[in-house]
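**Student:** Below is the file protein00.cif, which contains mmCIF, C-alpha atoms.
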```cif
data_query
loop_
_atom_site.label_atom_id
_atom_site.label_comp_id
_atom_site.auth_asym_id
_atom_site.auth_seq_id
_atom_site.Cartn_x
_atom_site.Cartn_y
_atom_site.Cartn_z
CA MET Z 1 21.06 -1.04 10.63
CA LEU Z 2 17.35 -1.59 10.93
CA PHE Z 3 16.13 -3.93 8.22
CA SER Z 4 12.48 -3.95 9.20
CA ILE Z 5 10.66 -6.08 6.65
CA ALA Z 6 7.21 -5.21 7.93
CA LEU Z 7 5.98 -3.61 4.70
CA LEU Z 8 2.50 -4.37 5.80
CA GLY Z 9 -0.79 -5.05 4.11
CA LEU Z 10 -4.28 -4.49 5.46
CA GLN Z 11 -5.91 -5.11 8.77
CA MET Z 12 -9.64 -5.41 9.19
CA VAL Z 13 -10.83 -3.98 12.51
CA ALA Z 14 -14.48 -3.17 13.03
CA ALA Z 15 -15.29 0.30 14.34
CA ALA Z 16 -18.48 1.80 15.67
CA VAL Z 17 -21.27 2.44 13.19
CA PRO Z 18 -21.93 6.13 12.41
CA PRO Z 19 -25.13 7.58 13.86
CA ALA Z 20 -28.20 6.36 12.02
CA GLY Z 21 -29.62 8.85 9.58
CA ALA Z 22 -26.55 11.09 9.63
CA ALA Z 23 -26.52 13.15 6.46
CA PRO Z 24 -23.31 13.31 4.41
CA THR Z 25 -21.53 16.63 4.26
CA PRO Z 26 -22.52 18.54 1.12
CA VAL Z 27 -19.61 18.89 -1.27
CA PRO Z 28 -19.42 22.44 -2.65
CA SER Z 29 -19.20 22.95 -6.39
CA ALA Z 30 -16.25 25.31 -5.98
CA SER Z 31 -12.81 23.91 -6.68
CA ALA Z 32 -11.43 24.51 -3.18
CA PRO Z 33 -11.66 21.32 -1.07
CA ILE Z 34 -13.15 21.27 2.42
CA ALA Z 35 -10.52 21.73 5.13
CA LEU Z 36 -10.24 18.73 7.46
CA GLU Z 37 -7.79 20.15 9.99
CA ALA Z 38 -10.45 20.80 12.65
CA MET Z 39 -11.60 17.17 12.39
CA LEU Z 40 -8.11 15.69 12.36
CA GLU Z 41 -6.49 17.56 15.25
CA PRO Z 42 -8.56 15.95 18.07
CA VAL Z 43 -7.72 12.48 16.71
CA ARG Z 44 -4.04 13.33 16.35
CA SER Z 45 -3.92 14.62 19.91
CA ARG Z 46 -5.91 11.74 21.41
CA TYR Z 47 -3.68 9.08 19.83
CA SER Z 48 -0.40 10.99 20.31
CA LEU Z 49 0.49 11.08 16.64
CA PRO Z 50 3.24 13.46 15.52
CA ALA Z 51 1.39 14.24 12.27
CA LEU Z 52 -1.84 13.20 10.63
CA ALA Z 53 -3.14 13.85 7.12
CA ALA Z 54 -6.22 12.74 5.20
CA ALA Z 55 -8.13 13.41 2.00
CA VAL Z 56 -11.33 12.38 0.26
CA VAL Z 57 -11.72 12.15 -3.51
CA ILE Z 58 -15.10 11.80 -5.25
CA GLU Z 59 -15.46 11.32 -9.01
CA GLY Z 60 -11.80 12.14 -9.42
CA LYS Z 61 -11.93 15.44 -7.50
CA VAL Z 62 -10.28 16.00 -4.13
CA VAL Z 63 -13.21 17.32 -2.12
CA ALA Z 64 -11.62 17.41 1.33
CA VAL Z 65 -8.07 17.47 2.64
CA GLY Z 66 -6.18 18.33 5.79
CA ALA Z 67 -2.83 17.92 7.53
CA VAL Z 68 -2.06 18.59 11.20
CA GLY Z 69 0.78 18.11 13.64
CA THR Z 70 4.54 18.32 13.39
CA ARG Z 71 7.16 16.72 11.17
CA LYS Z 72 9.21 15.74 14.23
CA ALA Z 73 7.91 14.91 17.70
CA GLY Z 74 9.00 17.46 20.27
CA ALA Z 75 9.60 20.14 17.67
CA GLN Z 76 7.31 22.77 16.24
CA ILE Z 77 7.66 22.11 12.52
CA PRO Z 78 4.09 22.15 11.21
CA VAL Z 79 3.21 19.67 8.48
CA GLN Z 80 1.91 20.94 5.18
CA ARG Z 81 -0.60 19.40 2.81
CA SER Z 82 2.21 19.08 0.27
CA ASP Z 83 4.43 17.10 2.66
CA ARG Z 84 5.50 13.62 1.61
CA PHE Z 85 4.34 10.62 3.67
CA HIS Z 86 5.60 7.04 3.40
CA LEU Z 87 3.16 4.55 1.82
CA GLY Z 88 4.72 1.20 2.71
CA SER Z 89 2.83 -1.69 1.16
CA ASP Z 90 0.30 0.58 -0.48
CA THR Z 91 3.04 0.57 -3.12
CA LYS Z 92 2.09 -3.02 -3.98
CA ALA Z 93 -0.94 -1.88 -5.99
CA MET Z 94 1.41 0.22 -8.11
CA THR Z 95 3.63 -2.78 -8.79
CA SER Z 96 0.53 -4.76 -9.77
CA LEU Z 97 -0.44 -1.98 -12.17
CA LEU Z 98 3.00 -2.15 -13.80
CA ALA Z 99 2.53 -5.91 -14.14
CA ALA Z 100 -0.84 -5.34 -15.80
CA MET Z 101 0.79 -2.99 -18.30
CA ALA Z 102 3.39 -5.63 -19.12
CA VAL Z 103 0.64 -8.20 -19.64
CA GLU Z 104 -1.33 -5.91 -21.95
CA GLU Z 105 1.85 -5.20 -23.92
CA GLY Z 106 2.57 -8.91 -24.33
CA LYS Z 107 5.80 -8.80 -22.35
CA LEU Z 108 4.36 -11.07 -19.65
CA ARG Z 109 1.29 -13.25 -19.12
CA TRP Z 110 -0.61 -13.56 -15.88
CA THR Z 111 0.45 -17.21 -16.07
CA SER Z 112 4.13 -16.46 -16.78
CA THR Z 113 6.22 -18.58 -14.45
CA LEU Z 114 9.41 -17.85 -12.62
CA ALA Z 115 11.28 -20.49 -14.61
CA GLU Z 116 10.07 -19.03 -17.92
CA VAL Z 117 11.27 -15.53 -17.07
CA PHE Z 118 14.53 -16.70 -15.47
CA PRO Z 119 15.40 -19.96 -17.28
CA GLU Z 120 19.05 -19.74 -16.25
CA LEU Z 121 17.99 -20.12 -12.61
CA ALA Z 122 15.51 -22.95 -13.17
CA ASP Z 123 17.90 -25.74 -12.16
CA GLN Z 124 18.62 -24.00 -8.86
CA MET Z 125 14.99 -23.44 -7.90
CA ALA Z 126 13.46 -25.33 -5.01
CA PRO Z 127 10.80 -27.89 -6.01
CA GLY Z 128 7.64 -26.17 -7.20
CA LEU Z 129 9.06 -22.67 -7.26
CA GLY Z 130 9.76 -22.61 -10.98
CA GLY Z 131 6.07 -23.05 -11.70
CA VAL Z 132 4.95 -20.10 -9.56
CA THR Z 133 3.06 -17.62 -11.74
CA LEU Z 134 2.90 -13.84 -11.84
CA VAL Z 135 -0.70 -13.81 -10.63
CA GLN Z 136 0.20 -16.07 -7.70
CA LEU Z 137 2.98 -13.69 -6.68
CA LEU Z 138 0.70 -10.66 -6.83
CA SER Z 139 -2.08 -12.40 -4.85
CA HIS Z 140 0.25 -13.89 -2.20
CA THR Z 141 -0.73 -17.43 -3.22
CA SER Z 142 2.73 -18.45 -4.43
CA GLY Z 143 3.41 -20.76 -1.52
CA ILE Z 144 6.43 -18.65 -0.53
CA ALA Z 145 6.84 -18.38 3.23
CA SER Z 146 5.89 -15.16 4.97
CA ASP Z 147 8.78 -12.84 5.86
CA ASN Z 148 11.24 -14.75 8.02
CA GLU Z 149 14.82 -14.82 9.28
CA ALA Z 150 16.09 -16.36 6.05
CA LEU Z 151 14.89 -13.33 4.09
CA LEU Z 152 16.30 -10.95 6.69
CA ALA Z 153 19.70 -12.60 6.38
CA LEU Z 154 19.65 -12.22 2.60
CA LEU Z 155 18.68 -8.56 2.90
CA LEU Z 156 21.66 -7.98 5.16
CA GLN Z 157 23.94 -9.65 2.63
CA SER Z 158 22.45 -7.70 -0.27
CA SER Z 159 23.83 -4.43 1.08
CA ALA Z 160 27.35 -5.66 0.30
CA GLN Z 161 26.60 -6.52 -3.34
CA ASP Z 162 27.59 -4.37 -6.31
CA GLY Z 163 25.32 -3.00 -9.02
CA ASN Z 164 22.11 -1.11 -9.58
CA LEU Z 165 18.92 -2.03 -7.80
CA ASN Z 166 17.86 -4.37 -10.60
CA ASP Z 167 21.23 -6.14 -10.21
CA LEU Z 168 20.67 -6.43 -6.47
CA ARG Z 169 17.16 -7.82 -6.94
CA TYR Z 170 18.48 -10.37 -9.40
CA TRP Z 171 21.18 -11.35 -6.87
CA LEU Z 172 18.53 -11.66 -4.16
CA LEU Z 173 16.36 -13.78 -6.43
CA GLY Z 174 19.31 -16.06 -7.25
CA GLN Z 175 19.87 -16.67 -3.55
CA PHE Z 176 16.20 -16.92 -2.61
CA VAL Z 177 15.17 -19.50 -5.22
CA LYS Z 178 16.95 -22.17 -3.18
CA GLN Z 179 14.51 -21.64 -0.30
CA PRO Z 180 11.79 -24.32 -0.10
CA LEU Z 181 8.17 -23.34 -0.53
CA ALA Z 182 6.06 -23.30 2.62
CA ILE Z 183 3.00 -24.73 0.88
CA ARG Z 184 1.99 -25.80 -2.60
CA PRO Z 185 1.37 -22.78 -4.88
CA GLY Z 186 -2.16 -21.61 -5.55
CA LEU Z 187 -3.81 -23.03 -2.44
CA HIS Z 188 -3.70 -20.46 0.35
CA PHE Z 189 -2.95 -16.82 1.14
CA ALA Z 190 0.38 -16.12 2.86
CA TYR Z 191 1.51 -12.50 2.93
CA ALA Z 192 5.15 -12.30 1.85
CA ASN Z 193 6.99 -9.21 0.68
CA MET Z 194 9.30 -11.41 -1.39
CA ASN Z 195 6.36 -12.10 -3.69
CA TYR Z 196 6.43 -8.49 -4.85
CA VAL Z 197 10.22 -8.26 -4.97
CA ILE Z 198 10.17 -11.23 -7.36
CA ALA Z 199 7.36 -9.67 -9.40
CA GLY Z 200 9.44 -6.50 -9.61
CA ALA Z 201 12.46 -8.52 -10.77
CA MET Z 202 10.29 -10.09 -13.49
CA LEU Z 203 9.28 -6.62 -14.67
CA GLU Z 204 12.91 -5.54 -14.68
CA ARG Z 205 13.91 -8.58 -16.72
CA VAL Z 206 11.32 -8.11 -19.48
CA SER Z 207 11.71 -4.32 -19.65
CA GLY Z 208 15.44 -3.84 -19.15
CA ARG Z 209 14.65 -1.04 -16.68
CA THR Z 210 14.72 -0.76 -12.91
CA TRP Z 211 11.39 -0.95 -11.11
CA GLU Z 212 11.90 2.61 -9.89
CA GLU Z 213 12.33 3.86 -13.46
CA LEU Z 214 9.24 2.00 -14.59
CA LEU Z 215 7.05 3.28 -11.78
CA THR Z 216 8.22 6.86 -12.25
CA GLU Z 217 7.76 6.92 -16.01
CA ARG Z 218 4.67 4.72 -16.31
CA VAL Z 219 2.64 5.77 -13.24
CA PHE Z 220 3.96 8.81 -11.38
CA LEU Z 221 4.42 11.04 -14.44
CA PRO Z 222 1.17 10.19 -16.30
CA LEU Z 223 -0.88 10.64 -13.12
CA GLN Z 224 1.00 13.86 -12.32
CA LEU Z 225 2.05 12.67 -8.87
CA GLY Z 226 4.69 15.34 -8.52
CA THR Z 227 5.70 14.59 -4.93
CA ALA Z 228 6.13 10.85 -5.49
CA GLY Z 229 9.49 9.24 -4.78
CA PHE Z 230 11.18 6.32 -3.03
CA GLY Z 231 12.66 5.59 0.36
CA PRO Z 232 12.65 7.94 3.38
CA GLN Z 233 10.24 10.78 2.75
CA ALA Z 234 12.60 13.38 4.24
CA THR Z 235 15.87 14.49 2.64
CA LEU Z 236 19.03 13.40 4.44
CA GLY Z 237 20.06 16.18 6.80
CA LYS Z 238 16.75 18.02 6.53
CA ILE Z 239 13.34 17.86 8.13
CA ASP Z 240 11.52 18.73 4.93
CA ALA Z 241 8.86 16.05 5.40
CA PRO Z 242 7.27 14.22 8.35
CA LEU Z 243 9.92 11.93 9.83
CA GLY Z 244 8.95 8.39 10.70
CA HIS Z 245 8.71 7.62 14.42
CA GLN Z 246 9.11 4.62 16.68
CA VAL Z 247 8.14 4.28 20.32
CA VAL Z 248 11.31 3.75 22.37
CA GLY Z 249 11.07 3.61 26.15
CA GLY Z 250 7.54 4.90 25.99
CA GLN Z 251 8.59 7.98 24.02
CA LEU Z 252 8.32 8.83 20.35
CA LYS Z 253 11.70 8.79 18.64
CA ALA Z 254 12.06 10.46 15.24
CA MET Z 255 14.01 8.43 12.70
CA LEU Z 256 16.09 10.86 10.66
CA ALA Z 257 16.38 10.14 6.96
CA GLY Z 258 19.18 7.69 6.30
CA PRO Z 259 19.93 3.96 6.61
CA ASN Z 260 17.44 3.54 9.45
CA GLY Z 261 14.77 5.75 7.91
CA ASP Z 262 13.20 3.03 5.77
CA ASN Z 263 13.44 -0.57 4.67
CA PRO Z 264 16.29 -1.37 2.26
CA PRO Z 265 15.71 -0.07 -1.28
CA ILE Z 266 15.94 -3.59 -2.69
CA LEU Z 267 12.42 -4.14 -1.31
CA GLY Z 268 11.05 -1.31 -3.45
CA PRO Z 269 8.32 -3.25 -5.34
CA ALA Z 270 6.92 -4.40 -2.00
CA GLY Z 271 6.69 -0.92 -0.53
CA THR Z 272 9.10 2.02 -0.58
CA ALA Z 273 7.05 4.74 -2.32
CA HIS Z 274 6.20 8.06 -0.72
CA MET Z 275 4.06 11.02 -1.78
CA SER Z 276 1.87 13.80 -0.40
CA VAL Z 277 -1.66 13.25 0.85
CA LEU Z 278 -2.97 15.14 -2.18
CA ASP Z 279 -1.08 12.95 -4.65
CA PHE Z 280 -2.10 9.81 -2.75
CA ALA Z 281 -5.71 10.96 -3.04
CA ARG Z 282 -5.27 11.41 -6.79
CA TRP Z 283 -3.97 7.85 -7.00
CA ALA Z 284 -6.99 6.69 -5.00
CA GLY Z 285 -9.38 8.61 -7.22
CA TRP Z 286 -7.91 7.16 -10.40
CA ASN Z 287 -8.38 3.66 -9.03
CA ALA Z 288 -11.87 4.33 -7.68
CA GLY Z 289 -12.98 5.40 -11.17
CA GLU Z 290 -11.98 2.00 -12.58
CA GLY Z 291 -11.31 3.41 -16.03
CA LYS Z 292 -13.90 6.20 -16.11
CA ARG Z 293 -11.17 8.83 -16.37
CA GLY Z 294 -7.79 9.13 -17.97
CA PRO Z 295 -5.02 8.59 -18.28
CA ALA Z 296 -5.80 5.16 -19.73
CA LEU Z 297 -2.81 3.33 -18.29
CA VAL Z 298 -4.56 -0.02 -18.73
CA ARG Z 299 -7.96 -1.12 -20.04
CA PRO Z 300 -10.86 -0.79 -17.57
CA ALA Z 301 -11.30 -4.57 -17.53
CA THR Z 302 -7.65 -4.99 -16.58
CA LEU Z 303 -7.93 -2.47 -13.75
CA LYS Z 304 -11.05 -4.29 -12.57
CA LYS Z 305 -9.05 -7.53 -12.53
CA LEU Z 306 -6.51 -5.97 -10.17
CA HIS Z 307 -9.35 -5.04 -7.82
CA THR Z 308 -11.08 -8.44 -7.97
CA PRO Z 309 -10.47 -10.84 -5.04
CA VAL Z 310 -8.51 -13.99 -5.75
CA VAL Z 311 -8.19 -15.66 -2.36
CA ALA Z 312 -9.66 -15.55 1.14
CA ILE Z 313 -7.43 -14.19 3.89
CA PRO Z 314 -7.40 -16.54 6.90
CA SER Z 315 -8.90 -14.93 9.99
CA GLY Z 316 -7.27 -14.81 13.39
CA VAL Z 317 -3.77 -13.89 12.24
CA ASN Z 318 -2.34 -10.68 13.65
CA GLY Z 319 1.25 -9.76 12.89
CA GLY Z 320 1.09 -6.09 13.77
CA PRO Z 321 -0.61 -2.97 12.43
CA GLY Z 322 -1.48 -3.47 8.80
CA THR Z 323 -0.88 -7.21 8.64
CA PRO Z 324 -3.68 -8.93 6.67
CA ALA Z 325 -6.22 -10.33 9.10
CA ARG Z 326 -9.40 -11.10 7.18
CA GLY Z 327 -11.24 -10.37 3.98
CA ARG Z 328 -10.19 -11.35 0.47
CA TYR Z 329 -7.09 -10.39 -1.49
CA GLY Z 330 -6.81 -9.45 -5.15
CA LEU Z 331 -3.70 -8.18 -6.92
CA GLY Z 332 -2.29 -5.54 -4.60
CA TRP Z 333 -5.72 -4.76 -3.17
CA ALA Z 334 -7.96 -6.38 -0.58
CA GLU Z 335 -11.72 -6.49 -0.38
CA VAL Z 336 -12.95 -5.94 3.17
CA THR Z 337 -16.08 -5.10 5.10
CA VAL Z 338 -16.44 -2.84 8.11
CA ASN Z 339 -19.52 -2.16 10.18
CA TRP Z 340 -19.49 1.56 9.32
CA ALA Z 341 -19.99 1.03 5.57
CA PRO Z 342 -22.93 -0.78 3.94
CA GLY Z 343 -20.91 -2.83 1.44
CA ARG Z 344 -17.49 -4.16 0.61
CA LEU Z 345 -14.60 -1.74 0.23
CA LEU Z 346 -11.24 -2.06 -1.45
CA GLN Z 347 -8.47 -1.33 1.01
CA HIS Z 348 -4.78 -1.62 1.71
CA THR Z 349 -2.48 -0.51 4.49
CA GLY Z 350 1.23 0.14 4.40
CA SER Z 351 3.83 0.50 7.12
CA ASN Z 352 7.59 0.29 7.59
CA GLU Z 353 6.92 0.33 11.37
CA MET Z 354 7.71 4.05 11.46
CA ASN Z 355 4.86 5.32 9.29
CA LEU Z 356 1.36 4.13 8.46
CA ALA Z 357 -0.86 4.73 5.43
CA HIS Z 358 -4.43 3.65 4.72
CA ILE Z 359 -6.19 3.77 1.36
CA TRP Z 360 -9.89 2.99 0.95
CA LEU Z 361 -11.90 2.74 -2.29
CA GLU Z 362 -15.59 2.35 -2.99
CA PRO Z 363 -15.82 2.16 -6.80
CA ARG Z 364 -19.64 1.98 -6.82
CA ARG Z 365 -19.63 5.54 -5.47
CA ASP Z 366 -16.40 6.53 -7.26
CA LEU Z 367 -15.08 7.39 -3.78
CA GLY Z 368 -11.59 7.19 -2.34
CA MET Z 369 -10.16 8.04 1.08
CA VAL Z 370 -6.55 8.19 2.25
CA VAL Z 371 -5.23 8.62 5.79
CA LEU Z 372 -1.56 8.88 6.75
CA THR Z 373 0.61 9.36 9.80
CA ASN Z 374 4.30 9.27 10.71
CA ARG Z 375 3.92 6.70 13.47
CA GLY Z 376 3.58 2.99 12.72
CA ASP Z 377 2.22 1.04 15.69
CA GLU Z 378 -1.19 -0.29 16.74
CA GLN Z 379 -2.10 3.04 18.30
CA ALA Z 380 -1.54 4.76 14.98
CA HIS Z 381 -3.57 2.06 13.23
CA ALA Z 382 -6.51 2.64 15.57
CA ALA Z 383 -6.31 6.38 14.90
CA LEU Z 384 -6.36 5.94 11.13
CA LEU Z 385 -9.35 3.61 11.35
CA ARG Z 386 -11.21 6.23 13.38
CA VAL Z 387 -10.47 8.91 10.79
CA ALA Z 388 -11.58 6.63 7.94
CA GLN Z 389 -14.86 5.97 9.72
CA GLN Z 390 -15.46 9.67 10.29
CA LEU Z 391 -14.66 10.55 6.68
CA TYR Z 392 -16.95 7.87 5.33
CA GLY Z 393 -19.80 8.92 7.57
CA ARG Z 394 -19.35 12.53 6.52
CA PHE Z 395 -18.80 12.23 2.77
CA ALA Z 396 -20.37 9.00 1.55
CA ALA Z 397 -23.73 9.75 -0.02
CA PRO Z 398 -26.55 7.18 0.25
CA VAL Z 399 -26.45 4.46 -2.39
CA THR Z 400 -29.00 1.86 -3.47
CA PHE Z 401 -27.79 -1.71 -3.67
CA PRO Z 402 -29.57 -3.89 -6.24
CA HIS Z 403 -29.81 -6.96 -3.99
CA GLY Z 404 -30.45 -5.36 -0.65
CA GLN Z 405 -28.07 -4.27 2.08
CA PRO Z 406 -24.97 -6.41 2.68
CA THR Z 407 -24.64 -7.94 6.11
CA GLY Z 408 -21.55 -5.97 7.07
CA ARG Z 409 -19.80 -9.14 8.23
CA PRO Z 410 -16.13 -9.56 7.37
CA ALA Z 411 -15.59 -10.98 3.92
CA SER Z 412 -14.35 -14.52 3.75
#
```
What does the file become when written as structure tokens?
**Tutor:**
Amino acid sequence: MLFSIALLGLQMVAAAVPPAGAAPTPVPSASAPIALEAMLEPVRSRYSLPALAAAVVIEGKVVAVGAVGTRKAGAQIPVQRSDRFHLGSDTKAMTSLLAAMAVEEGKLRWTSTLAEVFPELADQMAPGLGGVTLVQLLSHTSGIASDNEALLALLLQSSAQDGNLNDLRYWLLGQFVKQPLAIRPGLHFAYANMNYVIAGAMLERVSGRTWEELLTERVFLPLQLGTAGFGPQATLGKIDAPLGHQVVGGQLKAMLAGPNGDNPPILGPAGTAHMSVLDFARWAGWNAGEGKRGPALVRPATLKKLHTPVVAIPSGVNGGPGTPARGRYGLGWAEVTVNWAPGRLLQHTGSNEMNLAHIWLEPRRDLGMVVLTNRGDEQAHAALLRVAQQLYGRFAAPVTFPHGQPTGRPAS
């Protein structure tokens, strides 16, 4: 079985600046969004992507959307705008939102520690781990080592355990707490999916519900994300959504829904959600509004906290498409700069190495962009960056910055 634990974050790669003076595409007042298929198809073809989808949302309205390609390489099964795509680590922002709800409800504090939430495990915890806080988990400053062979071994063992997913996560936590910290908590950024699995287990403990139940009832339903779900985006035995693909022997290989179609479900809080490009755009638009529009899942100040950077991401680290490379990280979101946008953007990337999803926010313009494909390598990452650049150049209206134009250098 493939237990790929590359539920990836963001990668900052500079792209070419749009032509100077290029005017943004006017957004019609009619409800029908602009079709993006003609723009997307050349990119899909150039980068050999099976499928490619994208959408732009401004002031909470989806103003442009498109989906091109096939659900399975080598077959003619056209994708639809309603097709589900895998989000990978873009799920992390949803877990952070659930944590924020728990904090507002008094069930947790940002400073709640692992030992406080799981006192029965405190004596077994490696030195320093018991004092790790919720905010350190969500910002990847817990000191927990990045994904490694020890975690992979535990994931393999978890498949033989009994119980519901919350039981499995508790079992995983009980085994993992014996692992030593890599560094002292609170000092440095180290991207580790276990941070979010632990945060999910904390939410399960204080709520008495599985993370999947919480996310469905507290986020998917209120935001009317009707296509949202978990695990492989296609139904077992059907090609009713774009299948994830890997490159094997130089050829694209479709990964049929099943044990090898996604990471193990136990990793859910770190990144197993899927949904359509339209629903992903709605999620982006709700975040870009930072509390301007309902539903009021948390207070605007709390949502702003999730978007606010906590720690600098060290530069020069490249662990594959989507792995954090530079910028600053908040709570499930990163703040980055690119040379095709005048200021800092909020961004995240998700991948299970078979799919890739980008989300970009510019709250000052109330703008969101999402780009998705069912291929998960560096070539797919380059394609999604190109689409994001083109969308921004086409739909981002001029904006006046109060302190002059930012430099466009990577955030640090």
**Student:** So what do you get for CA of Arg344 (chain Z) versus CA of Glu104 (chain Z), distance-wise?
**Tutor:**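 Between these atoms lies a distance of 27.8 Å.
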**Student:** For the file shown, report as a ChimeraX atom specification the outcome of the PyMOL selection byres ((chain Z and resi 49-58) around 7) at residue level.
**Tutor:** /Z:40,44-45,47-48,59-73,79,277-278,281,285,366-375,380
**Student:** Tell me, as a PyMOL selection string, which residues lie within 7 Å of Ala192 (chain Z), counting only C-alpha atoms; anything in the same chain fewer than 2 positions away does not count.
**Tutor:** chain Z and resi 140+144-147+190+194-195
**Student:** Skip Gln157 (chain Z) itself and residues of its chain fewer than 3 positions away, then list as number ranges by chain all residues within 12 Å of it, counting all atoms listed in the file.
**Tutor:** Z: 3, 150-154, 160-162, 168-169, 171-172, 175-176, 264, 266
**Student:** Any chance you can output those residues with C-alpha atoms as a short mmCIF file (atom, residue, chain, number, x, y, z; two decimals), in the frame of the given file?
**Tutor:**
```cif
data_model
loop_
_atom_site.label_atom_id
_atom_site.label_comp_id
_atom_site.auth_asym_id
_atom_site.auth_seq_id
_atom_site.Cartn_x
_atom_site.Cartn_y
_atom_site.Cartn_z
CA PHE Z 3 16.13 -3.93 8.22
CA ALA Z 150 16.09 -16.36 6.05
CA LEU Z 151 14.89 -13.33 4.09
CA LEU Z 152 16.30 -10.95 6.69
CA ALA Z 153 19.70 -12.60 6.38
CA LEU Z 154 19.65 -12.22 2.60
CA ALA Z 160 27.35 -5.66 0.30
CA GLN Z 161 26.60 -6.52 -3.34
CA ASP Z 162 27.59 -4.37 -6.31
CA LEU Z 168 20.67 -6.43 -6.47
CA ARG Z 169 17.16 -7.82 -6.94
CA TRP Z 171 21.18 -11.35 -6.87
CA LEU Z 172 18.53 -11.66 -4.16
CA GLN Z 175 19.87 -16.67 -3.55
CA PHE Z 176 16.20 -16.92 -2.61
CA PRO Z 264 16.29 -1.37 2.26
CA ILE Z 266 15.94 -3.59 -2.69
#
```
**Student:** In Å to one decimal, how far is CA of Gly268 (chain Z) from CA of Thr91 (chain Z)?
**Tutor:**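 Going from CA of Thr91 (chain Z) over to CA of Gly268 (chain Z) covers 8.2 Å.
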**Student:** For region 243-252 of chain Z, work out the shell of residues within 8 Å, counting all atoms listed in the file and skipping chain neighbours fewer than 3 positions away, then give it as number ranges by chain.
**Tutor:** Z: 71-73, 233-234, 239, 255-257, 261, 353-355, 374-377
**Student:** CA of Val387 (chain Z) to CA of Ala341 (chain Z): how many Å, to one decimal?
**Tutor:**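 These two atoms are separated by 13.4 Å.
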**Student:** Kindly provide, as a ChimeraX atom specification, the polymer residues lying within 10 Å of (11.3, -8.8, -10.5), counting all atoms listed in the file and using the coordinates exactly as they appear in the file.
**Tutor:** /Z:95,99,114,117-118,134,166,169-170,173,194-206,210-211,269
**Student:** Pick out the residues sitting within 10 Å of Asp90 (chain Z), and hand them over as a ChimeraX atom specification; count all atoms listed in the file, and ignore anything fewer than 4 positions along from it in its own chain.
**Tutor:** /Z:7-10,86,94-95,270-274,280,332-333,347-351,356-359
**Student:** With all atoms listed in the file as the basis for distance, which of Z:Pro265, Z:Pro309, Z:Pro242, Z:Gly343 is at the shortest distance from Arg84 (chain Z)?
**Tutor:**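 So, comparing all the options, the nearest one is Z:Pro242.
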**Student:** Using only C-alpha atoms, which of the listed residues (Z:Val298, Z:Ala254, Z:Leu165, Z:Val338) sits closest to Val103 (chain Z)?
**Tutor:**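 That would be Z:Val298, the residue with the smallest distance to Val103 (chain Z).
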**Student:** Expand the PyMOL selection byres ((chain Z and resi 306) around 10) into the individual residues it matches in the shown file, reporting them as a list in words.
**Tutor:**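 Given this file, the PyMOL selection byres ((chain Z and resi 306) around 10) evaluates to Ala93, Ser96, Leu97, Ala99, Ala100, Val135, Leu138, Ser139, Asn287, Glu290, Ala301, Thr302, Leu303, Lys304, Lys305, His307, Thr308, Pro309, Val310, Tyr329, Gly330, Leu331, Gly332, Trp333 and Ala334 of chain Z.
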**Student:** Which of these residues is nearest to Gln136 (chain Z), using all atoms listed in the file: Z:Gly106, Z:Val311, Z:Val177, Z:Leu297?
**Tutor:**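 Of all the options, Z:Val311 lies closest to Gln136 (chain Z).
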**Student:** Quick one: residues within 8 Å of Phe189 (chain Z), all atoms listed in the file, excluding same-chain residues fewer than 2 positions away - as a list in words?
**Tutor:** Ser139, His140, Thr141, Gly143, Leu187, Tyr191, Val311, Ala312, Ile313 and Pro314 of chain Z
**Student:** Report the residues retrieved by the PyMOL selection byres ((chain Z and resi 115) around 10) from the displayed file, expressed as an MDAnalysis selection string.
**Tutor:** chainID Z and resid 112:114 116:125 129:133
**Student:** Using the selection just defined, write its residues with C-alpha atoms as an mmCIF file, in the frame of the given file.
**Tutor:**
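Ended up saving to again-v3.cif:
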```cif
data_model
loop_
_atom_site.group_PDB
_atom_site.id
_atom_site.type_symbol
_atom_site.label_atom_id
_atom_site.label_comp_id
_atom_site.auth_asym_id
_atom_site.auth_seq_id
_atom_site.Cartn_x
_atom_site.Cartn_y
_atom_site.Cartn_z
ATOM 1 C CA SER Z 112 4.130 -16.460 -16.780
ATOM 2 C CA THR Z 113 6.220 -18.580 -14.450
ATOM 3 C CA LEU Z 114 9.410 -17.850 -12.620
ATOM 4 C CA GLU Z 116 10.070 -19.030 -17.920
ATOM 5 C CA VAL Z 117 11.270 -15.530 -17.070
ATOM 6 C CA PHE Z 118 14.530 -16.700 -15.470
ATOM 7 C CA PRO Z 119 15.400 -19.960 -17.280
ATOM 8 C CA GLU Z 120 19.050 -19.740 -16.250
ATOM 9 C CA LEU Z 121 17.990 -20.120 -12.610
ATOM 10 C CA ALA Z 122 15.510 -22.950 -13.170
ATOM 11 C CA ASP Z 123 17.900 -25.740 -12.160
ATOM 12 C CA GLN Z 124 18.620 -24.000 -8.860
ATOM 13 C CA MET Z 125 14.990 -23.440 -7.900
ATOM 14 C CA LEU Z 129 9.060 -22.670 -7.260
ATOM 15 C CA GLY Z 130 9.760 -22.610 -10.980
ATOM 16 C CA GLY Z 131 6.070 -23.050 -11.700
ATOM 17 C CA VAL Z 132 4.950 -20.100 -9.560
ATOM 18 C CA THR Z 133 3.060 -17.620 -11.740
#
```
**Student:** Have a look at Z:Ala288, Z:Phe85, Z:Arg218, Z:Leu346 and name the one nearest to Phe230 (chain Z); count only C-alpha atoms.
**Tutor:** Z:Phe85
